[in-house]
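Q: This is the structure I have questions about; it appears just below.
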Amino acid sequence: MGIAIRNISKHFGAFRALDDVSIDIPSGELVALLGPSGCGKTTLLRIIAGLEHADAGSILLDGEDASSQHVRERNVGFVFQHYALFRHMTVFENVAFGLRVKPRKERPSSAEIRKRVYRLLELVQLDWLADRYPSQLSGGQRQRIALARALAVEPRVLLLDEPFGALDAKVRKELRRWLRRLHDEIHVTSVFVTHDQEEALEVADRVVLLNKGQVEQIGSPDEIYDHPNSPFVAGFLGSVNLFHGRVEDGHLHVGEHALPVGEGQGALDEAVGYVRPHEFDLLPATADSGIPAKIERVISVGPVAQIELTREDGELIEVEVYRDALDELGLREGDRVSLRPRAIRVFRKEPLAA
Amino acid sequence: MSASIALPGATDRYEAPSTREPLWVKVTLITLALSFFAVFLLLPLGTVFAEALRKGWGTYLTVLVEPDALASIRLTLLVAAIAVPLNLVFGVAAAWAIAKFEFPGKRLLITFIDLPFSVSPVISGLIYVLMFGAQGWFGPWLAEHDVKIIFAVPGIVLATVFVTFPFVARELIPLMEAQGTEEEEAAVVLGASGWQVFWHTTLPNIKWGLLYGVILCNARAMGEFGAVSVVSGHIRGKTNTMPLHVEILYNEYNYAAAFAVASLLALLALVTLGLKALVERQANRQRREALRERAESSGE
């Protein structure tokens with residue numbers, strides 16, 4: 001049951017939330033809508049569900065135009081960031097709600113409802129909480145119940161709005177693995193919204209990166225991480241170091257130093273090279289290639305050392321290496337090294353790029 | 001001081017020496033407050049019952065079953081029985097629209113809901129006389145069709161509905177705003193119809209606040225004097241509500257009867273207060289829960 005988003009635009013007053021967005025989501029995929037806050041991702045999700053009305057464009061669910069369908073007829077499952085469980089109903093009644101409000105003809109018998117609710121509660125591994133009220137549950141439990149409730153009506157698509165946003169770091173990590181496994185089990189086409197790039201890269205089959213109401217890039221997590229097609233994407237998917245210079249003969253010339261960028265790259269007068277902190281090799285200062293820098297600070301975070309270095313012109317560079325590797329090299333604060341990037345992504349310098 | 005900050009709500013907040021006043025200040029303030037309370041609240045209430053029963057229970061009961069008194073009681077109950085359900089429906093509808101939807105003119109609507117609170121009840125009554133009275137806008141038309149509104153029961157009901165309109169809506173708006181719209185959205189996505197959303201998610205979440213609003217609305221509907229006095233015409237046994245009947249009896253120096261009917265109203269007030277205290281606790285709990293859940297989920 002695929003979703004096709006066709007030329008959707010939405011304004012809130014003068015603010016342009018979505019600008020001609022088109023995305024195809026194949027059946028059975030788990031897709032992340034990723035972007036900074038205010039990029040329109042939640043609005044797009046709510047438009048797919050029908051909770052928000054688009055100014056222009058259409059939504060196709062399973063090939064048929066759903067744009068004029070009422071929310072309750074679209075048969076989608078929606079999981080809210082703050083769970084939105086019915087606080088005066090038990091967990092069982094919450095999950096049963098979607099079945100109980102069906103028209104009499106379609107409504108399952110109460111024995112059937114009971115069976116289905118318990119099957120869902122087992123699926124989210126919370127059948128022992130059936131008689132509790134939402135206020136008696138932890139955040140992670142509430143979100144799993146919200147998911148079970150959304151699945152009870154056997155939705156064509158499952159939409160999740162920042163599903164882990166209100167949870168603490170450890171629970172969030174557990175839950176997103178669990179969501180991935182659950183999706184592998186039930187294979188319902190799912191779209192989830194997140195501003196956390198790690199979450200998107202870890203959970204999704206494909207990632208849609210949105211910025212200022214427009215699609216920046218669509219691709220598998222590896223594709224968009226390794227081959228960002230714009231400075232924004234490169235910058236959003238984790239920290240980067242910037243090298244300003246010009247490209248000639250397959251090299252990025254930064255001051256008097258030249259960094260190889262591959263033959264495929266055409267010449268550019270004003271270029272910016274993006275290098276991620278973990279994509280550097282640390283060489284002795286005497287090496288004949290790379291950019292000379294001085295180690296200012298070493299911060300250990302578990303097995304990884306984050307190193308802050310300064311270039312000759314005073315600019316800061318962040319590098320990440322394994323601590324054992326750092327120990328082997330015998331480097332410490334104040335030492336001089338030569339930095340050689342293993343990969344550089346080069347973009348034309350934008351006139352007003354941040 | 002630091003202890004009271006570290007343990008908010010703990011009882012020792014009142015014991016902290018740094019915030020304790022000398023004994024004489026405490027005694028003076030408490031005496032002052034209690035005497036004020038006794039003179040201005042308890043004494044009049046006591047007087048009503050004392051005066052009503054001055055000539056004994058026998059007289060008390062005879063004046064109450066006197067036909068005009070009974071008629072006024074019946075009329076008061078009838079007016080409340082019409083006005084309160086109407087305002088229950090209007091109030092819920094208004095609060096639902098204001099708290100759950102965005103639309104142009106929303107602030108204006110909120111101001112209008114407060115209008116009956118800010119306008120003197122006498123003016124409210126006068127408005128209806130100007131509209132439906134013999135010389136009013138619709139007066140001739142109504143006379144032609146033989147419909148009586150002013151100086152009749154419909155006028156009294158209209159005036160009462162107007163005066164008591166804000167109670168339910170005012171009580172519900174903050175509660176519904178605190179609860180937000182996510183639960184309703186969740187219900188709609190799950191396929192619930194508009195009525196199902198209202199019955200199964202909105203109403204259970206506001207029931208205590210609603211009951212509280214209805215109790216206040218009812219108390220005012222039965223006790224309203226000014227607006228009703230203008231439109232009623234004071235026809236004995238026909239258009240006199242209890243408050244109006246009390247006034248008539250009092251003006252006729254029939255103190256025992258006046259106080260007897262007044263004691264019924266006072267009794268109603270006491271019952272209302274009791275109910276209010278009970279329901280208020282539940283209503284506050286509901287609002288606190290809504291606010292806390294909000295804070296919890298958005299704070300993290």
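Chains: A, B, ... in order of the structure tokens. Residues: from 1 per chain. Ligands: from 1, in order shown.
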Compile the residues of chain B that lie within 7 Å of chain A, evaluated using only C-alpha atoms, and express the compilation as a count of residues only.
A: 12
Q: Can you list, as an MDAnalysis selection string, every protein, DNA or RNA residue that comes within 10 Å of Phe232 of chain A when you count only C-alpha atoms, leaving out same-chain residues fewer than 3 positions away?
A: chainID A and resid 209:211 216:217 228:229 235:237 353:354
Q: With N, CA and C atoms retained, write the just-selected residues as a PDB file, in the first residue's frame.
A:
```
ATOM      1  N   LEU A 209      14.955  13.977   3.276  1.00  0.00           N
ATOM      2  CA  LEU A 209      15.435  15.130   4.010  1.00  0.00           C
ATOM      3  C   LEU A 209      14.705  16.372   3.543  1.00  0.00           C
ATOM      4  N   LEU A 210      14.042  17.053   4.470  1.00  0.00           N
ATOM      5  CA  LEU A 210      13.284  18.261   4.139  1.00  0.00           C
ATOM      6  C   LEU A 210      13.985  19.475   4.719  1.00  0.00           C
ATOM      7  N   ASN A 211      13.922  20.571   3.974  1.00  0.00           N
ATOM      8  CA  ASN A 211      14.447  21.830   4.485  1.00  0.00           C
ATOM      9  C   ASN A 211      13.597  22.961   3.953  1.00  0.00           C
ATOM     10  N   GLU A 216      15.137  18.071   0.087  1.00  0.00           N
ATOM     11  CA  GLU A 216      16.543  18.282  -0.250  1.00  0.00           C
ATOM     12  C   GLU A 216      17.123  17.046  -0.920  1.00  0.00           C
ATOM     13  N   GLN A 217      16.808  15.887  -0.343  1.00  0.00           N
ATOM     14  CA  GLN A 217      17.361  14.658  -0.893  1.00  0.00           C
ATOM     15  C   GLN A 217      16.548  13.467  -0.404  1.00  0.00           C
ATOM     16  N   PRO A 228      25.893  13.153   0.095  1.00  0.00           N
ATOM     17  CA  PRO A 228      24.942  14.265   0.221  1.00  0.00           C
ATOM     18  C   PRO A 228      24.999  15.109  -1.044  1.00  0.00           C
ATOM     19  N   ASN A 229      23.864  15.555  -1.530  1.00  0.00           N
ATOM     20  CA  ASN A 229      23.886  16.320  -2.772  1.00  0.00           C
ATOM     21  C   ASN A 229      23.789  17.824  -2.547  1.00  0.00           C
ATOM     22  N   GLY A 235      25.747  19.041   6.043  1.00  0.00           N
ATOM     23  CA  GLY A 235      25.839  19.647   7.357  1.00  0.00           C
ATOM     24  C   GLY A 235      24.833  19.087   8.346  1.00  0.00           C
ATOM     25  N   PHE A 236      23.668  18.653   7.841  1.00  0.00           N
ATOM     26  CA  PHE A 236      22.613  18.214   8.758  1.00  0.00           C
ATOM     27  C   PHE A 236      22.863  16.814   9.311  1.00  0.00           C
ATOM     28  N   LEU A 237      23.554  15.976   8.536  1.00  0.00           N
ATOM     29  CA  LEU A 237      23.719  14.579   8.946  1.00  0.00           C
ATOM     30  C   LEU A 237      24.946  14.369   9.817  1.00  0.00           C
ATOM     31  N   ALA A 353      25.944  31.164   2.060  1.00  0.00           N
ATOM     32  CA  ALA A 353      25.889  29.939   2.855  1.00  0.00           C
ATOM     33  C   ALA A 353      26.379  30.206   4.260  1.00  0.00           C
ATOM     34  N   ALA A 354      25.758  29.575   5.211  1.00  0.00           N
ATOM     35  CA  ALA A 354      26.125  29.781   6.611  1.00  0.00           C
ATOM     36  C   ALA A 354      27.478  29.141   6.898  1.00  0.00           C
TER      37      ALA A 354
END
```
Q: Which residues, written as a ChimeraX atom specification, have at least one atom at most 10 Å from Gln282 of chain B, with only C-alpha atoms counted and residues fewer than 3 positions away on the same chain left out?
A: /B:207-209,211-212,276-279,285-288
Q: Just to be explicit: take each residue in the selection above, keep N, CA, C and O atoms, and write the result as an mmCIF file, in the first residue's frame.
A:
```
data_model
loop_
_atom_site.group_PDB
_atom_site.id
_atom_site.type_symbol
_atom_site.label_atom_id
_atom_site.label_comp_id
_atom_site.auth_asym_id
_atom_site.auth_seq_id
_atom_site.Cartn_x
_atom_site.Cartn_y
_atom_site.Cartn_z
ATOM 1 N N LYS B 207 -16.188 16.013 32.380
ATOM 2 C CA LYS B 207 -17.463 15.824 33.090
ATOM 3 C C LYS B 207 -17.516 16.558 34.434
ATOM 4 O O LYS B 207 -18.543 17.135 34.762
ATOM 5 N N TRP B 208 -16.416 16.574 35.172
ATOM 6 C CA TRP B 208 -16.466 17.230 36.490
ATOM 7 C C TRP B 208 -16.555 18.736 36.355
ATOM 8 O O TRP B 208 -17.312 19.389 37.070
ATOM 9 N N GLY B 209 -15.807 19.277 35.424
ATOM 10 C CA GLY B 209 -15.877 20.708 35.171
ATOM 11 C C GLY B 209 -17.267 21.106 34.719
ATOM 12 O O GLY B 209 -17.823 22.126 35.141
ATOM 13 N N LEU B 211 -20.119 19.530 35.401
ATOM 14 C CA LEU B 211 -21.039 19.436 36.534
ATOM 15 C C LEU B 211 -20.919 20.667 37.434
ATOM 16 O O LEU B 211 -21.913 21.228 37.902
ATOM 17 N N TYR B 212 -19.670 21.093 37.634
ATOM 18 C CA TYR B 212 -19.408 22.273 38.453
ATOM 19 C C TYR B 212 -20.088 23.495 37.837
ATOM 20 O O TYR B 212 -20.769 24.263 38.528
ATOM 21 N N LYS B 276 -20.827 21.967 45.447
ATOM 22 C CA LYS B 276 -19.745 22.658 44.763
ATOM 23 C C LYS B 276 -18.390 22.233 45.332
ATOM 24 O O LYS B 276 -17.455 21.919 44.592
ATOM 25 N N ALA B 277 -18.324 22.183 46.670
ATOM 26 C CA ALA B 277 -17.063 21.803 47.295
ATOM 27 C C ALA B 277 -16.652 20.406 46.839
ATOM 28 O O ALA B 277 -15.480 20.143 46.537
ATOM 29 N N LEU B 278 -17.647 19.501 46.789
ATOM 30 C CA LEU B 278 -17.361 18.120 46.385
ATOM 31 C C LEU B 278 -16.879 18.065 44.937
ATOM 32 O O LEU B 278 -15.838 17.471 44.621
ATOM 33 N N VAL B 279 -17.655 18.697 44.060
ATOM 34 C CA VAL B 279 -17.376 18.606 42.632
ATOM 35 C C VAL B 279 -16.113 19.382 42.267
ATOM 36 O O VAL B 279 -15.330 18.967 41.439
ATOM 37 N N ARG B 285 -8.952 18.387 40.138
ATOM 38 C CA ARG B 285 -8.071 17.247 39.921
ATOM 39 C C ARG B 285 -7.937 16.994 38.415
ATOM 40 O O ARG B 285 -6.843 16.796 37.896
ATOM 41 N N GLN B 286 -9.099 17.058 37.724
ATOM 42 C CA GLN B 286 -9.098 16.816 36.281
ATOM 43 C C GLN B 286 -8.220 17.845 35.563
ATOM 44 O O GLN B 286 -7.431 17.500 34.698
ATOM 45 N N ARG B 287 -8.351 19.125 35.982
ATOM 46 C CA ARG B 287 -7.568 20.163 35.319
ATOM 47 C C ARG B 287 -6.090 19.994 35.647
ATOM 48 O O ARG B 287 -5.245 20.110 34.781
ATOM 49 N N ARG B 288 -5.789 19.718 36.925
ATOM 50 C CA ARG B 288 -4.380 19.534 37.304
ATOM 51 C C ARG B 288 -3.753 18.412 36.501
ATOM 52 O O ARG B 288 -2.635 18.523 36.020
#
```
Q: Using DSSP on the backbone coordinates, identify all residues within segment 3-34 of chain A classified as strand (DSSP E or B); present the result as a list in words.
A: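 Put together, the selection reads Ile3, Ala4, Ile5, Arg6, Asn7, Ile8, Ser9, Lys10, His11, Phe12, Phe15, Arg16, Ala17, Leu18, Asp19, Asp20, Val21, Ser22, Ile23, Asp24, Ile25, Leu30, Val31, Ala32, Leu33 and Leu34 of chain A.
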Q: Run DSSP on the backbone of this structure and report the residues of segment 24-254 of chain B it assigns to helix (DSSP H, G or I), as a PyMOL selection string.
A: chain B and resi 24-52+56-65+67-100+106-118+121-132+139-144+153-164+166-179+182-189+194-223+226-232+242-251
Q: Report as a list in words all protein, DNA and RNA residues lying within 9 Å of segment 344-346 of chain A, evaluated on only C-alpha atoms, omitting residues in the same chain fewer than 5 positions from it.
A: Asp226, His227, Pro228, Pro231, Ala234, Val247, Leu252, Leu259, Pro260, Val261, Gln265, Ala271, Val272, Gly273, Tyr274, Val275, Arg276 and Glu279 of chain A
